[in-house]
Number of protein chains: 2
Amino acid sequence: MAQEMYLCAMDRSAAVEAIFERVQPPTTFEETVERLGTAIKVGLLPPGSRLPPERELAEQLDISRSTLRQALTALVQSGHLVAARGRGGGTFVADAPPLTAGVAPALDKFRDVLDYRVAIETGAALLAAERAEEEDLDRMREQVRAMSAIGEDFEPYRRADIRFHIALAEASHSHRLVAAMTEVQGDMSELIGLIAHPEEVLAQSNAQHAKLIDLLAARDATGAAELARKHLEGTEHILIALLPAHV
Amino acid sequence: MAQEMYLCAMDRSAAVEAIFERVQPPTTFEETVERLGTAIKVGLLPPGSRLPPERELAEQLDISRSTLRQALTALVQSGHLVAARGRGGGTFVADAPPLTAGVAPALDKFRDVLDYRVAIETGAALLAAERAEEEDLDRMREQVRAMSAIGEDFEPYRRADIRFHIALAEASHSHRLVAAMTEVQGDMSELIGLIAHPEEVLAQSNAQHAKLIDLLAARDATGAAELARKHLEGTEHILIALLPAHV
DNA sequence: GACCAAAGGTCGGGTCAACGTACCAAGTGG
DNA sequence: CCACTTGGTACGTTGACCCGACCTTTGGTC
């Protein structure tokens with residue numbers, strides 16, 4: 001029975017190390033705050049929109065009402081939601097949602113987010129080129145129009161931008177990529193607030209959006225992925241220059 | 001106060017629906033079984049290798065020993081691990097790990113896994129082309145050699161194949177992509193057991209592996225992503241033909 | 001104006017996952 | 001034979017989560 005061989009000393013690869021990292025699944029409460037909070041920040045739930053009644057929503061999410069209320073309460077206190085009692089009341093997305101001014105917590109976490117984003121965006125672009133329907137493209141075109149119509153101040157531009165990228169994920173017709181894209185955009189918002197956005201950059205960015213749609217329509221998967229990657233590099237360069245030196 | 005506007009009826013997009021889906025974070029126990037189980041199935045922890053002592057491992061994973069033992073016990077009962085008491089004992093990966101004969105649970109889950117894989121693999125290929133060091137490429141070459149040396153029976157080939165793809169993720173130097181790749185490969189194993197693998201298919205597959213390394217060495221990101229996508233299509237076509245009609 | 005229905009808000013008790021600590025049992029090396 | 005390392009067991013504590021009943025506010029309806 002005496003087996004030797006201590007944990008393969010040579011093969012201490014990054015993958016093996018990843019096995020033994022901390023295991024900490026989020027609680028139901030945390031997950032719920034994350035889900036709803038991201039949806040709000042990302043604009044999927046626009047200001048003024050109403051959530052389903054608590055008892056109903058709890059059933060949809062398949063959690064108890066108590067836990068749901070914890071999450072809702074947290075979001076009310078943070079100013080993302082407002083609650084109104086009585087008939088015709090309900091829980092609504094705040095009209096003036098607080099700016100997501102995260103004070104840049106973990107630094108190497110952002111590296112990860114940026115890289116993960118590359119995978120999700122290019123993957124979505126690739127599959128979208130293979131599968132996008134005309135209606136998917138229309139939804140994307142609408143956001144491009146919105147962005148070019150704005151031009152000046154950044155907040156509404158950013159919202160349309162997010163919706164464009166989520167629409168891209170939807171065009172890939174992959175449930176999981178939509179979820180991943182939403183999550184990634186939420187994470188990005190924490191970063192993007194930190195940097196400046198000259199108007200010319202936005203214009204060029206939106207030109208790339210339009211071009212991407214053309215490539216999707218032409219079913220040019222390779223070109224779409226390539227353009228997507230270039231598109232992301234723009235943001236990256238600005239961010240990396242801004243972030244202090246890392247490991 | 002009377003706000004109207006019931007949850008934007010028009011905008012019932014896939015992304016919005018995804019918000020209200022079931023929230024069910026895994027328990028620590030489940031997550032731990034998943035982590036270790038995947039690592040074993042995927043061959044990151046080869047048969048015969050020894051895990052750290054329980055008390056130590058529990059600290060690394062930042063969970064209580066009791067919970068860790070639940071997970072270990074589960075893996076012992078399922079035949080993935082064997083435990084030996086006494087000094088010089090420990091917990092070891094079983095020599096003959098049970099075949100992962102998953103009875104194909106959710107069907108549309110696999111669609112999702114396949115699509116997610118496209119994103120992770122192409123994303124990893126893309127970033128690897130930008131960042132791979134010579135030593136990263138060497139690790140991949142080694143697996144290609146291993147695969148071509150085998151040729152006949154499938155199990156060892158599959159193991160080397162997995163390690164190749166994980167090495168690709170490592171070459172992208174993205175922590176998160178390594179983790180995602182490992183997870184995806186674990187999920188894929190459940191599927192791949194279901195299909196046949198003619199020798200000629202494996203040969204062609206390995207030729208693509210070799211070609212991919214060349215493209216990475218040449219820093220041809222677009223070409224690498226393109227080839228990766230083609231490489232995956234091979235598996236997909238076989239699987240989709242096999243899986244019954246879906247929605 | 002009385003009443004009802006539909007919402008959010010509160011309370012108390014029950015269950016179970018996870019933790020921590022101490023202790024038992026087995027096997028190996030000195 | 002002793003001591004030490006390592007897996008196995010037991011038990012009490014905490015806290016997340018659930019369930020259900022009830023209160024409070026508020027707008028609509030008769």
# chains A, B, ... in the order shown; residues from 1 in each chain; ligands from 1

$ select_by_dssp --residues "region 25-191 of chain A" --states "strand (DSSP E or B)" --output "PyMOL selection string"
chain A and resi 50+81-84+90-93

$ select_by_dssp --residues "region 8-226 of chain A" --states "alpha helix (DSSP H)" --output "VMD selection string"
chain A and resid 14 to 19 28 to 41 54 to 61 65 to 77 108 to 131 134 to 150 154 to 171 175 to 192 199 to 217 221 to 226

$ residues_around --residues "Gly90 (chain B)" --least-positions-apart "6" --cutoff "9 Å" --atoms "only C-alpha atoms (C1' of nucleotides)" --output "list in words"
Gln3 of chain A; Arg50, Leu51, Pro52, Pro53, Glu54, Val82, Ala83 and Ala84 of chain B; DT6 and DG7 of chain D

$ write_last_selection --atoms "C-alpha atoms (C1' of nucleotides)" --output "PDB file, in the first residue's frame"
ATOM      1  CA  GLN A   3       2.703   4.592  -2.423  1.00  0.00           C
TER       2      GLN A   3
ATOM      3  CA  ARG B  50      -0.488  12.160  -3.634  1.00  0.00           C
ATOM      4  CA  LEU B  51      -2.544  15.007  -2.321  1.00  0.00           C
ATOM      5  CA  PRO B  52      -1.315  17.146   0.538  1.00  0.00           C
ATOM      6  CA  PRO B  53      -2.388  15.984   4.018  1.00  0.00           C
ATOM      7  CA  GLU B  54      -5.930  16.903   4.862  1.00  0.00           C
ATOM      8  CA  VAL B  82      -7.849   6.021  -2.359  1.00  0.00           C
ATOM      9  CA  ALA B  83      -6.882   6.815   1.208  1.00  0.00           C
ATOM     10  CA  ALA B  84      -4.159   5.198   3.299  1.00  0.00           C
TER      11      ALA B  84
ATOM     12  C1'  DT D   6      -1.843  10.841   8.817  1.00  0.00           C
ATOM     13  C1'  DG D   7      -6.636   9.445   8.000  1.00  0.00           C
TER      14       DG D   7
END

$ atom_distance --atom1 "CA of Val42 (chain B)" --atom2 "CA of Val144 (chain B)"
16.7 Å

$ closest_residue --among "D:DA16, D:DC11, D:DA21, D:DA3" --to "DG12 (chain C)" --atoms "only C-alpha atoms (C1' of nucleotides)"
D:DA21

$ decode --residues "chain C" --atoms "C-alpha atoms (C1' of nucleotides)" --output "compact mmCIF listing (two decimals), in the first residue's frame"
# COMPACT_ATOMS: atom_id res chain seq x y z
C1' DG C 1 -66.68 56.42 2.92
C1' DA C 2 -66.08 51.46 3.50
C1' DC C 3 -63.82 47.84 1.83
C1' DC C 4 -60.67 45.03 -0.66
C1' DA C 5 -56.56 43.76 -2.99
C1' DA C 6 -51.80 44.28 -3.91
C1' DA C 7 -47.82 45.50 -2.75
C1' DG C 8 -43.62 46.12 0.73
C1' DG C 9 -42.10 45.34 5.76
C1' DT C 10 -41.62 42.50 10.18
C1' DC C 11 -41.16 38.57 13.18
C1' DG C 12 -40.18 33.92 14.96
C1' DG C 13 -38.87 29.36 14.44
C1' DG C 14 -36.80 25.51 11.99
C1' DT C 15 -33.14 23.15 9.06
C1' DC C 16 -28.76 22.27 7.44
C1' DA C 17 -24.18 23.49 5.65
C1' DA C 18 -19.94 24.78 7.33
C1' DC C 19 -16.75 25.52 11.09
C1' DG C 20 -13.67 24.40 14.99
C1' DT C 21 -11.83 21.52 18.30
C1' DA C 22 -10.74 17.62 20.52
C1' DC C 23 -9.98 12.89 20.27
C1' DC C 24 -9.40 7.97 18.20
C1' DA C 25 -6.97 4.57 15.18
C1' DA C 26 -3.59 2.96 12.23
C1' DG C 27 0.59 2.38 10.36
C1' DT C 28 5.93 3.74 9.62
C1' DG C 29 10.40 5.05 10.93
C1' DG C 30 13.77 5.65 14.33
